[in-house]
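Asks: My structure file final_32.cif, mmCIF, C-alpha atoms, is below:
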data_my_file
#
loop_
_atom_site.group_PDB
_atom_site.id
_atom_site.type_symbol
_atom_site.label_atom_id
_atom_site.label_comp_id
_atom_site.auth_asym_id
_atom_site.auth_seq_id
_atom_site.Cartn_x
_atom_site.Cartn_y
_atom_site.Cartn_z
ATOM 1 C CA MET A 1 80.691 84.682 128.460
ATOM 2 C CA LEU A 2 80.275 86.074 124.967
ATOM 3 C CA PRO A 3 83.112 87.986 123.286
ATOM 4 C CA ASP A 4 82.392 91.529 122.106
ATOM 5 C CA LEU A 5 83.280 90.699 118.507
ATOM 6 C CA LEU A 6 84.054 87.770 116.262
ATOM 7 C CA LEU A 7 86.421 88.463 113.373
ATOM 8 C CA THR A 8 87.411 86.328 110.414
ATOM 9 C CA CYS A 9 90.592 86.774 108.393
ATOM 10 C CA ASP A 10 92.884 84.809 106.116
ATOM 11 C CA PRO A 11 94.392 81.812 107.972
ATOM 12 C CA GLY A 12 97.837 82.691 109.242
ATOM 13 C CA LEU A 13 97.076 86.413 109.553
ATOM 14 C CA GLU A 14 95.294 86.273 112.918
ATOM 15 C CA ASP A 15 98.206 88.032 114.662
ATOM 16 C CA VAL A 16 98.222 90.719 111.989
ATOM 17 C CA ALA A 17 94.486 91.311 112.428
ATOM 18 C CA LEU A 18 94.814 91.635 116.203
ATOM 19 C CA ALA A 19 97.784 93.990 115.829
ATOM 20 C CA GLU A 20 95.853 96.178 113.391
ATOM 21 C CA LEU A 21 92.838 96.322 115.699
ATOM 22 C CA THR A 22 95.131 97.231 118.605
ATOM 23 C CA GLU A 23 96.733 100.023 116.605
ATOM 24 C CA ARG A 24 93.424 101.474 115.436
ATOM 25 C CA ALA A 25 91.912 101.262 118.932
ATOM 26 C CA THR A 26 94.920 103.102 120.351
ATOM 27 C CA VAL A 27 94.634 105.854 117.737
ATOM 28 C CA ALA A 28 90.933 106.190 118.600
ATOM 29 C CA GLY A 29 91.782 106.530 122.292
ATOM 30 C CA LEU A 30 90.257 103.175 123.221
ATOM 31 C CA PRO A 31 91.756 100.508 125.497
ATOM 32 C CA ALA A 32 93.818 97.837 123.801
ATOM 33 C CA PRO A 33 91.674 94.849 122.808
ATOM 34 C CA THR A 34 92.234 91.392 124.181
ATOM 35 C CA GLY A 35 91.329 88.242 122.390
ATOM 36 C CA GLU A 36 91.637 84.587 121.637
ATOM 37 C CA LEU A 37 93.176 83.665 118.328
ATOM 38 C CA ARG A 38 91.873 80.562 116.534
ATOM 39 C CA PRO A 39 89.054 79.739 118.993
ATOM 40 C CA PHE A 40 87.878 76.121 118.764
ATOM 41 C CA GLY A 41 91.078 75.543 116.778
ATOM 42 C CA LEU A 42 89.656 77.497 113.837
ATOM 43 C CA ALA A 43 92.312 79.155 111.689
ATOM 44 C CA GLY A 44 91.305 82.582 110.446
ATOM 45 C CA HIS A 45 89.097 83.382 113.470
ATOM 46 C CA LEU A 46 89.469 85.760 116.429
ATOM 47 C CA GLN A 47 87.301 86.314 119.512
ATOM 48 C CA ILE A 48 87.817 89.898 120.652
ATOM 49 C CA GLU A 49 87.044 91.890 123.787
ATOM 50 C CA LEU A 50 87.103 95.661 123.203
ATOM 51 C CA ALA A 51 85.911 97.724 126.149
ATOM 52 C CA ALA A 52 84.271 100.641 124.365
ATOM 53 C CA PRO A 53 80.782 101.997 123.583
ATOM 54 C CA ALA A 54 79.128 100.199 120.692
ATOM 55 C CA GLU A 55 79.381 103.150 118.281
ATOM 56 C CA ALA A 56 83.085 103.719 118.991
ATOM 57 C CA ARG A 57 83.776 100.011 118.652
ATOM 58 C CA LEU A 58 81.929 99.867 115.335
ATOM 59 C CA ALA A 59 83.805 102.897 114.009
ATOM 60 C CA VAL A 60 87.122 101.181 114.731
ATOM 61 C CA VAL A 61 86.293 97.775 113.260
ATOM 62 C CA ARG A 62 84.918 99.312 110.056
ATOM 63 C CA GLN A 63 88.433 100.617 109.359
ATOM 64 C CA LEU A 64 90.049 97.173 109.539
ATOM 65 C CA ARG A 65 91.787 96.133 106.343
ATOM 66 C CA SER A 66 93.122 92.737 107.451
ATOM 67 C CA VAL A 67 89.777 91.045 108.190
ATOM 68 C CA HIS A 68 86.902 89.689 106.128
ATOM 69 C CA ARG A 69 83.894 89.732 108.404
ATOM 70 C CA VAL A 70 82.871 91.172 111.762
ATOM 71 C CA VAL A 71 80.093 89.576 113.816
ATOM 72 C CA ARG A 72 78.396 90.876 116.964
ATOM 73 C CA PRO A 73 77.582 87.829 119.105
ATOM 74 C CA VAL A 74 74.070 87.635 120.540
ATOM 75 C CA ALA A 75 73.935 84.290 122.345
ATOM 76 C CA ARG A 76 75.647 80.932 122.741
ATOM 77 C CA PHE A 77 73.950 77.723 123.798
ATOM 78 C CA ASN A 78 74.512 73.966 123.809
ATOM 79 C CA LEU A 79 72.635 71.844 121.323
ATOM 80 C CA PRO A 80 70.544 68.986 122.703
ATOM 81 C CA GLU A 81 71.050 65.506 121.316
ATOM 82 C CA VAL A 82 67.337 65.210 120.586
ATOM 83 C CA GLU A 83 65.852 67.486 117.894
ATOM 84 C CA PRO A 84 68.757 69.983 117.705
ATOM 85 C CA LEU A 85 67.222 71.808 114.732
ATOM 86 C CA LEU A 86 64.010 72.441 116.634
ATOM 87 C CA ALA A 87 66.121 73.802 119.502
ATOM 88 C CA ILE A 88 67.847 76.193 117.104
ATOM 89 C CA ARG A 89 64.524 77.422 115.729
ATOM 90 C CA ARG A 90 63.095 78.012 119.196
ATOM 91 C CA ALA A 91 66.258 79.717 120.467
ATOM 92 C CA VAL A 92 66.378 82.079 117.496
ATOM 93 C CA ALA A 93 62.689 82.870 117.942
ATOM 94 C CA ASP A 94 63.289 83.716 121.606
ATOM 95 C CA LEU A 95 66.257 85.915 120.699
ATOM 96 C CA THR A 96 64.659 87.741 117.769
ATOM 97 C CA PRO A 97 62.838 90.480 119.779
ATOM 98 C CA SER A 98 66.148 91.498 121.394
ATOM 99 C CA ILE A 99 68.086 91.802 118.112
ATOM 100 C CA ALA A 100 68.004 95.517 117.377
ATOM 101 C CA GLU A 101 68.920 95.076 113.716
ATOM 102 C CA LEU A 102 65.622 93.239 113.119
ATOM 103 C CA ALA A 103 63.437 95.835 114.850
ATOM 104 C CA SER A 104 62.568 97.794 111.689
ATOM 105 C CA GLU A 105 61.196 96.559 108.394
ATOM 106 C CA VAL A 106 64.305 94.937 106.900
ATOM 107 C CA THR A 107 65.233 91.995 104.745
ATOM 108 C CA PHE A 108 67.403 89.281 106.247
ATOM 109 C CA ARG A 109 69.042 85.959 105.668
ATOM 110 C CA ALA A 110 70.408 83.333 108.033
ATOM 111 C CA SER A 111 73.894 81.929 107.391
ATOM 112 C CA CYS A 112 75.728 79.047 109.009
ATOM 113 C CA SER A 113 79.186 77.534 109.149
ATOM 114 C CA ARG A 114 79.729 74.221 110.935
ATOM 115 C CA VAL A 115 82.658 72.480 112.564
ATOM 116 C CA GLY A 116 82.170 68.887 113.710
ATOM 117 C CA GLU A 117 79.957 65.931 112.898
ATOM 118 C CA HIS A 118 76.199 66.552 112.997
ATOM 119 C CA PRO A 119 73.032 64.820 111.796
ATOM 120 C CA PHE A 120 72.116 67.974 109.834
ATOM 121 C CA THR A 121 73.627 70.273 107.226
ATOM 122 C CA SER A 122 74.460 73.970 107.315
ATOM 123 C CA GLU A 123 71.510 74.532 104.977
ATOM 124 C CA ASP A 124 69.219 72.839 107.518
ATOM 125 C CA VAL A 125 70.438 75.250 110.210
ATOM 126 C CA GLU A 126 69.909 78.263 107.944
ATOM 127 C CA ARG A 127 66.387 77.160 107.140
ATOM 128 C CA GLU A 128 65.416 76.606 110.793
ATOM 129 C CA ALA A 129 67.094 79.813 111.997
ATOM 130 C CA GLY A 130 65.262 81.785 109.335
ATOM 131 C CA ALA A 131 62.001 80.141 110.339
ATOM 132 C CA GLY A 132 62.702 81.114 113.954
ATOM 133 C CA VAL A 133 62.907 84.779 112.982
ATOM 134 C CA ARG A 134 59.733 84.595 110.921
ATOM 135 C CA ASP A 135 57.877 82.839 113.764
ATOM 136 C CA VAL A 136 58.123 86.154 115.599
ATOM 137 C CA LEU A 137 58.602 88.876 112.968
ATOM 138 C CA ARG A 138 57.352 88.825 109.404
ATOM 139 C CA ARG A 139 60.598 89.912 107.858
ATOM 140 C CA ALA A 140 61.293 89.242 104.192
ATOM 141 C CA VAL A 141 64.080 86.831 103.339
ATOM 142 C CA ARG A 142 66.589 88.020 100.743
ATOM 143 C CA LEU A 143 69.471 85.693 99.977
ATOM 144 C CA ARG A 144 71.498 88.286 98.071
ATOM 145 C CA ASP A 145 72.556 91.531 99.775
ATOM 146 C CA PRO A 146 70.110 91.439 102.703
ATOM 147 C CA ASP A 147 69.841 94.321 105.156
ATOM 148 C CA VAL A 148 70.653 91.973 108.045
ATOM 149 C CA GLU A 149 72.710 88.781 108.033
ATOM 150 C CA LEU A 150 72.021 86.560 111.011
ATOM 151 C CA ARG A 151 74.840 84.144 111.789
ATOM 152 C CA CYS A 152 73.968 80.806 113.358
ATOM 153 C CA ASP A 153 77.296 78.984 113.525
ATOM 154 C CA ILE A 154 77.818 75.499 114.948
ATOM 155 C CA ARG A 155 81.023 74.547 116.750
ATOM 156 C CA GLY A 156 80.772 70.984 117.998
ATOM 157 C CA ASP A 157 77.780 70.891 120.331
ATOM 158 C CA GLN A 158 77.584 74.681 120.640
ATOM 159 C CA CYS A 159 75.532 77.140 118.608
ATOM 160 C CA LEU A 160 76.644 80.765 118.399
ATOM 161 C CA VAL A 161 74.084 83.301 117.202
ATOM 162 C CA GLY A 162 75.283 86.698 116.026
ATOM 163 C CA VAL A 163 74.678 89.565 113.636
ATOM 164 C CA GLN A 164 77.181 90.247 110.897
ATOM 165 C CA LEU A 165 78.359 93.777 110.194
ATOM 166 C CA PRO A 166 76.161 94.961 107.304
ATOM 167 C CA GLY A 167 77.501 95.384 103.810
ATOM 168 C CA GLN A 168 80.020 93.381 101.809
ATOM 169 C CA ALA A 169 83.085 91.825 103.387
ATOM 170 C CA LEU A 170 85.638 94.367 104.564
ATOM 171 C CA SER A 171 88.244 92.541 102.476
ATOM 172 C CA ARG A 172 86.335 93.128 99.226
ATOM 173 C CA ARG A 173 88.145 96.215 98.022
ATOM 174 C CA ASP A 174 88.689 96.351 94.282
ATOM 175 C CA PRO A 175 92.017 97.904 93.217
ATOM 176 C CA GLY A 176 90.269 99.833 90.452
ATOM 177 C CA PRO A 177 88.466 99.369 87.133
ATOM 178 C CA PHE A 178 90.949 96.690 86.001
ATOM 179 C CA ARG A 179 90.125 93.485 87.909
ATOM 180 C CA PRO A 180 91.562 90.256 86.451
ATOM 181 C CA SER A 181 90.342 86.965 87.886
ATOM 182 C CA THR A 182 93.679 86.317 89.632
ATOM 183 C CA THR A 183 93.647 89.583 91.608
ATOM 184 C CA LEU A 184 95.178 89.174 95.067
ATOM 185 C CA ARG A 185 92.744 89.536 97.954
ATOM 186 C CA ALA A 186 93.124 93.004 99.487
ATOM 187 C CA SER A 187 93.338 91.682 103.050
ATOM 188 C CA VAL A 188 96.250 89.410 102.077
ATOM 189 C CA ALA A 189 98.016 92.384 100.486
ATOM 190 C CA TRP A 190 97.564 94.335 103.723
ATOM 191 C CA GLY A 191 98.925 91.387 105.691
ATOM 192 C CA LEU A 192 102.024 91.217 103.488
ATOM 193 C CA LEU A 193 102.687 94.909 104.107
ATOM 194 C CA ALA A 194 102.232 94.460 107.860
ATOM 195 C CA LEU A 195 104.706 91.575 107.908
ATOM 196 C CA ALA A 196 107.233 93.575 105.882
ATOM 197 C CA ARG A 197 106.888 96.724 107.963
ATOM 198 C CA PRO A 198 105.407 96.212 111.457
ATOM 199 C CA PHE A 199 102.933 98.745 112.764
ATOM 200 C CA GLY A 200 104.607 102.018 113.609
ATOM 201 C CA THR A 201 107.201 101.783 110.814
ATOM 202 C CA SER A 202 106.879 103.188 107.321
ATOM 203 C CA ALA A 203 108.309 102.848 103.853
ATOM 204 C CA ARG A 204 109.795 105.783 101.940
ATOM 205 C CA ALA A 205 110.195 104.294 98.457
ATOM 206 C CA PHE A 206 108.105 101.200 97.713
ATOM 207 C CA LEU A 207 108.070 98.770 94.789
ATOM 208 C CA ASP A 208 105.886 95.872 93.694
ATOM 209 C CA PRO A 209 107.701 94.255 90.726
ATOM 210 C CA PHE A 210 104.943 91.693 89.969
ATOM 211 C CA ALA A 211 102.203 94.258 90.460
ATOM 212 C CA GLY A 212 99.391 92.652 88.446
ATOM 213 C CA ALA A 213 96.253 94.713 89.063
ATOM 214 C CA GLY A 214 98.034 96.792 91.707
ATOM 215 C CA THR A 215 96.301 95.524 94.841
ATOM 216 C CA ILE A 216 99.466 95.655 96.964
ATOM 217 C CA VAL A 217 100.265 99.163 95.717
ATOM 218 C CA VAL A 218 96.729 100.359 96.552
ATOM 219 C CA GLU A 219 96.985 98.916 100.053
ATOM 220 C CA ALA A 220 100.449 100.457 100.509
ATOM 221 C CA GLY A 221 98.967 103.848 99.679
ATOM 222 C CA ALA A 222 96.149 103.302 102.178
ATOM 223 C CA ARG A 223 98.642 102.181 104.824
ATOM 224 C CA TRP A 224 101.253 104.929 104.512
ATOM 225 C CA GLY A 225 99.589 107.729 102.563
ATOM 226 C CA ALA A 226 101.542 110.460 100.838
ATOM 227 C CA GLU A 227 104.675 109.853 102.919
ATOM 228 C CA VAL A 228 105.724 106.947 100.686
ATOM 229 C CA ARG A 229 106.649 107.061 96.994
ATOM 230 C CA LEU A 230 104.900 104.165 95.261
ATOM 231 C CA HIS A 231 106.198 102.276 92.224
ATOM 232 C CA ALA A 232 104.828 99.309 90.277
ATOM 233 C CA SER A 233 106.047 97.235 87.353
ATOM 234 C CA ASP A 234 105.024 94.103 85.454
ATOM 235 C CA ILE A 235 106.289 92.276 82.397
ATOM 236 C CA HIS A 236 102.898 91.680 80.759
ATOM 237 C CA PRO A 237 101.560 94.542 78.585
ATOM 238 C CA ARG A 238 97.956 93.795 79.599
ATOM 239 C CA MET A 239 98.863 94.120 83.284
ATOM 240 C CA VAL A 240 100.822 97.329 82.682
ATOM 241 C CA GLU A 241 97.834 98.797 80.897
ATOM 242 C CA GLY A 242 95.604 97.749 83.799
ATOM 243 C CA LEU A 243 98.051 99.198 86.321
ATOM 244 C CA GLN A 244 97.867 102.513 84.508
ATOM 245 C CA GLN A 245 94.092 102.453 84.991
ATOM 246 C CA ASN A 246 94.267 101.469 88.659
ATOM 247 C CA VAL A 247 97.264 103.204 90.213
ATOM 248 C CA ALA A 248 98.901 105.685 87.805
ATOM 249 C CA SER A 249 97.192 108.607 89.589
ATOM 250 C CA PHE A 250 99.310 107.990 92.709
ATOM 251 C CA ALA A 251 102.107 105.573 91.708
ATOM 252 C CA GLU A 252 104.777 105.432 89.019
ATOM 253 C CA VAL A 253 104.193 102.523 86.636
ATOM 254 C CA ARG A 254 106.778 100.998 84.298
ATOM 255 C CA PRO A 255 106.843 97.874 82.127
ATOM 256 C CA GLY A 256 109.672 95.577 83.045
ATOM 257 C CA ASP A 257 111.049 92.120 83.744
ATOM 258 C CA ALA A 258 111.405 91.386 87.479
ATOM 259 C CA ARG A 259 114.527 89.350 86.687
ATOM 260 C CA ARG A 260 116.213 92.571 85.515
ATOM 261 C CA LEU A 261 114.802 95.184 87.864
ATOM 262 C CA HIS A 262 118.060 97.135 87.766
ATOM 263 C CA GLU A 263 117.331 97.821 84.085
ATOM 264 C CA VAL A 264 113.823 99.068 84.910
ATOM 265 C CA TRP A 265 114.475 101.128 88.038
ATOM 266 C CA PRO A 266 117.540 103.030 89.303
ATOM 267 C CA GLU A 267 119.841 100.995 91.512
ATOM 268 C CA GLY A 268 119.432 101.655 95.239
ATOM 269 C CA ARG A 269 116.027 103.321 94.738
ATOM 270 C CA PHE A 270 113.835 101.342 97.190
ATOM 271 C CA ASP A 271 113.778 100.616 100.901
ATOM 272 C CA THR A 272 110.711 98.333 100.737
ATOM 273 C CA LEU A 273 109.775 95.676 98.180
ATOM 274 C CA VAL A 274 106.611 93.643 98.689
ATOM 275 C CA THR A 275 105.108 91.439 96.008
ATOM 276 C CA ASN A 276 103.070 88.359 95.187
ATOM 277 C CA PRO A 277 105.349 86.528 92.726
ATOM 278 C CA PRO A 278 103.913 84.070 90.211
ATOM 279 C CA PHE A 279 104.036 80.373 90.987
ATOM 280 C CA GLY A 280 102.858 77.060 89.621
ATOM 281 C CA LYS A 281 101.225 77.187 86.187
ATOM 282 C CA ARG A 282 101.558 80.964 86.111
ATOM 283 C CA LEU A 283 105.312 80.491 85.606
ATOM 284 C CA GLY A 284 104.944 78.151 82.650
ATOM 285 C CA ARG A 285 105.819 74.479 82.429
ATOM 286 C CA ASN A 286 109.248 74.887 80.849
ATOM 287 C CA LEU A 287 110.597 77.647 83.084
ATOM 288 C CA ASP A 288 113.515 76.856 85.390
ATOM 289 C CA LEU A 289 112.020 77.831 88.754
ATOM 290 C CA VAL A 290 115.341 78.036 90.606
ATOM 291 C CA ALA A 291 116.935 80.184 87.920
ATOM 292 C CA PHE A 292 113.853 82.409 87.771
ATOM 293 C CA TYR A 293 113.844 83.207 91.471
ATOM 294 C CA ARG A 294 117.638 83.501 91.647
ATOM 295 C CA SER A 295 117.546 86.148 88.916
ATOM 296 C CA PHE A 296 114.669 87.979 90.575
ATOM 297 C CA LEU A 297 116.261 88.033 94.035
ATOM 298 C CA THR A 298 119.690 89.032 92.691
ATOM 299 C CA SER A 299 118.169 91.899 90.725
ATOM 300 C CA SER A 300 116.068 92.934 93.743
ATOM 301 C CA LEU A 301 119.237 93.423 95.770
ATOM 302 C CA ARG A 302 120.540 95.847 93.160
ATOM 303 C CA VAL A 303 117.520 98.157 93.484
ATOM 304 C CA ASP A 304 117.412 97.784 97.279
ATOM 305 C CA ARG A 305 118.772 100.881 99.033
ATOM 306 C CA LYS A 306 120.257 98.908 101.934
ATOM 307 C CA SER A 307 122.324 96.732 99.582
ATOM 308 C CA THR A 308 124.072 99.534 97.707
#
Let's see the structure in the file written out as structure tokens.

Replies:
Amino acid sequence: MLPDLLLTCDPGLEDVALAELTERATVAGLPAPTGELRPFGLAGHLQIELAAPAEARLAVVRQLRSVHRVVRPVARFNLPEVEPLLAIRRAVADLTPSIAELASEVTFRASCSRVGEHPFTSEDVEREAGAGVRDVLRRAVRLRDPDVELRCDIRGDQCLVGVQLPGQALSRRDPGPFRPSTTLRASVAWGLLALARPFGTSARAFLDPFAGAGTIVVEAGARWGAEVRLHASDIHPRMVEGLQQNVASFAEVRPGDARRLHEVWPEGRFDTLVTNPPFGKRLGRNLDLVAFYRSFLTSSLRVDRKST
């Protein structure tokens, strides 16, 4: 039996993704979803059953902030040992007339991910799946930003054909005009917030002391809205300038050293602190890591409302 939806997320955040989907389904008046986390042992994957009309289901999953991709499964079949690529081409050709997304004049591409040992590559599968579509419908192939993305994923001796939710990945949400190369992925930021404050609980005064481009602050605003007072700080002038561009319209931004937060912000100000602290080379070769984090954590306690 095929699941209603296949979701991908950052490995380790599968529970967070299922909890978010459950919350959003409940708000929409839909039954709670059920699902299998890490099917086939794949981290960062969920197979979901959500008993709802297709439009209502789509409206809910488009709101998800903890997932990357959403796929609507079309068919699953076992690969033969002899000529498996030919079997994929023929199966996709047989399925093509029933795939509603391909009914109109659209561009498409076929994509594949593989798990297991096979006598072919993912590129081979994409080529044959694409040929299967074009054996039936003369649709134009566009490798970049196609109208329809056909998934043809291989898991051991099984092939799962599905259609990916159109548009860019749900996790691709830029924090604003300032986007340094080390910007935290938005879905990870959402996951950090969910782990800090489970669904149904809220922050009142929030701080990210290593705010960078402000991704966590943006996601905190999307999660809690106007009910939370948002604050962000960073020691680097370039990041502070970028923060002003990205979040100053809805958050208070200050320059400051996270090792001396009590000199940047009033003591006892915050009930929630979530951040992505620097690590590895970002800390510098000659920095005492233990002393750095001890100073940061000690100072964090001084601005934490529960500790004063």

Asks: Between atom CA of A:Asp234 and atom CA of A:Val253, what is the distance in Å, rounded to a tenth?

Replies: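 Result for atom CA of A:Asp234 versus atom CA of A:Val253: 8.5 Å, one decimal.
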
Asks: For the file shown, report as a compact mmCIF listing (two decimals) with C-alpha atoms, keeping the file's coordinate frame the outcome of the PyMOL selection byres ((chain A and resi 187-193) around 10) at residue level.

Replies:
# COMPACT_ATOMS: atom_id res chain seq x y z
CA CYS A 9 90.59 86.77 108.39
CA ASP A 10 92.88 84.81 106.12
CA PRO A 11 94.39 81.81 107.97
CA GLY A 12 97.84 82.69 109.24
CA LEU A 13 97.08 86.41 109.55
CA GLU A 14 95.29 86.27 112.92
CA ASP A 15 98.21 88.03 114.66
CA VAL A 16 98.22 90.72 111.99
CA ALA A 17 94.49 91.31 112.43
CA GLU A 20 95.85 96.18 113.39
CA LEU A 64 90.05 97.17 109.54
CA ARG A 65 91.79 96.13 106.34
CA SER A 66 93.12 92.74 107.45
CA VAL A 67 89.78 91.04 108.19
CA HIS A 68 86.90 89.69 106.13
CA LEU A 170 85.64 94.37 104.56
CA SER A 171 88.24 92.54 102.48
CA ARG A 172 86.34 93.13 99.23
CA ARG A 173 88.14 96.22 98.02
CA LEU A 184 95.18 89.17 95.07
CA ARG A 185 92.74 89.54 97.95
CA ALA A 186 93.12 93.00 99.49
CA ALA A 194 102.23 94.46 107.86
CA LEU A 195 104.71 91.58 107.91
CA ALA A 196 107.23 93.58 105.88
CA ARG A 197 106.89 96.72 107.96
CA PRO A 198 105.41 96.21 111.46
CA PHE A 199 102.93 98.74 112.76
CA SER A 202 106.88 103.19 107.32
CA ALA A 203 108.31 102.85 103.85
CA GLY A 214 98.03 96.79 91.71
CA THR A 215 96.30 95.52 94.84
CA ILE A 216 99.47 95.66 96.96
CA VAL A 217 100.26 99.16 95.72
CA VAL A 218 96.73 100.36 96.55
CA GLU A 219 96.98 98.92 100.05
CA ALA A 220 100.45 100.46 100.51
CA ALA A 222 96.15 103.30 102.18
CA ARG A 223 98.64 102.18 104.82
CA THR A 272 110.71 98.33 100.74
CA LEU A 273 109.78 95.68 98.18
CA VAL A 274 106.61 93.64 98.69
CA THR A 275 105.11 91.44 96.01
CA ASN A 276 103.07 88.36 95.19

Asks: If the PyMOL selection byres ((chain A and resi 80-84) around 12) is run on the structure shown, which residues does it catch, given as a PyMOL selection string?

Replies: chain A and resi 77-79+85-91+118-121+124-125+128-129+154+156-159

Asks: Of the candidates A:Arg139, A:Arg62, A:Arg204, A:His262, which shows the shortest atom-to-atom distance to A:Trp224, using all atoms listed in the file?

Replies: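 So, comparing all the options, the nearest one is A:Arg204.
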
Asks: Name the closest residue to A:Arg254 among the candidates A:Pro39, A:Pro278, A:Pro97, A:Pro209; distances are taken between atoms, counting all atoms listed in the file.

Replies: A:Pro209

Asks: Ranking A:Phe206, A:Phe250, A:Phe270, A:Phe178 by minimum distance to A:His231 and counting all atoms listed in the file, which one comes first?

Replies: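 With all atoms listed in the file as the atom set, the closest residue is A:Phe206.
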